[in-house]
Amino acid sequence: MKKTKEKSNLSFEEHLAKAKDIIQKLESGDCNLDEMLAIYKEGVNSLNYCTKKLNEIEEKIQIIKNEDSTKLKIDDIKWKLVYI
């Protein structure tokens with residue numbers, strides 16, 4: 001149980017570094033088949049976390065862009081009304 005809690009507290013950067021380490025370990029072939037399967041699963045979990053986090057950030061960026069776009073349009077209209 002403690003191991004799962006520790007994993008959930010890792011940052012995006014820590015998950016990414018962990019996935020990179022796992023890739024290197026798998027490519028080196030220094031593990032037996034059971035170990036490879038276990039670390040492969042950990043790597044998939046870390047990459048899934050990273051993908052989820054990136055999607056969340058992308059959505060937030062889109063919201064900010066839409067808010068800024070709307071604000072710019074309103075400001076443009078106000079600016080035009082001042083000069084009409």
# chains A, B, ... in the order shown; residues from 1 in each chain; ligands from 1
call {"tool": "residues_around", "arguments": {"residues": "Gly43 of chain A", "least_positions_apart": "4", "cutoff": "8 Å", "atoms": "only C-alpha atoms", "output": "ChimeraX atom specification"}}
result
/A:18-19,22-23,39,47
call {"tool": "write_last_selection", "arguments": {"atoms": "N, CA and C atoms", "output": "PDB file, in the first residue's frame"}}
result
ATOM      1  N   LYS A  18      11.383   8.425 -14.297  1.00  0.00           N
ATOM      2  CA  LYS A  18      11.228   7.007 -13.974  1.00  0.00           C
ATOM      3  C   LYS A  18      10.997   6.197 -15.252  1.00  0.00           C
ATOM      4  N   ALA A  19      10.156   6.713 -16.129  1.00  0.00           N
ATOM      5  CA  ALA A  19       9.882   6.012 -17.392  1.00  0.00           C
ATOM      6  C   ALA A  19      11.154   5.901 -18.227  1.00  0.00           C
ATOM      7  N   ILE A  22      13.339   3.237 -16.772  1.00  0.00           N
ATOM      8  CA  ILE A  22      12.781   1.919 -17.073  1.00  0.00           C
ATOM      9  C   ILE A  22      13.116   1.508 -18.502  1.00  0.00           C
ATOM     10  N   ILE A  23      13.000   2.448 -19.417  1.00  0.00           N
ATOM     11  CA  ILE A  23      13.339   2.155 -20.818  1.00  0.00           C
ATOM     12  C   ILE A  23      14.801   1.711 -20.927  1.00  0.00           C
ATOM     13  N   ILE A  39       8.630  -4.098 -14.341  1.00  0.00           N
ATOM     14  CA  ILE A  39       9.060  -2.714 -14.572  1.00  0.00           C
ATOM     15  C   ILE A  39       8.386  -2.124 -15.807  1.00  0.00           C
ATOM     16  N   LEU A  47       3.960   6.563 -17.692  1.00  0.00           N
ATOM     17  CA  LEU A  47       3.641   7.249 -18.950  1.00  0.00           C
ATOM     18  C   LEU A  47       2.160   7.622 -19.028  1.00  0.00           C
TER      19      LEU A  47
END
call {"tool": "closest_residue", "arguments": {"among": "A:Lys65, A:Lys53, A:Lys41, A:Lys25", "to": "Leu10 of chain A", "atoms": "only C-alpha atoms"}}
result
A:Lys53
call {"tool": "closest_residue", "arguments": {"among": "A:Asn55, A:Gln62, A:Asn45, A:Ser28", "to": "Leu16 of chain A", "atoms": "only C-alpha atoms"}}
result
A:Asn45
call {"tool": "atom_distance", "arguments": {"atom1": "atom CA of Ala38 of chain A", "atom2": "atom CA of Ala17 of chain A"}}
result
17.1 Å
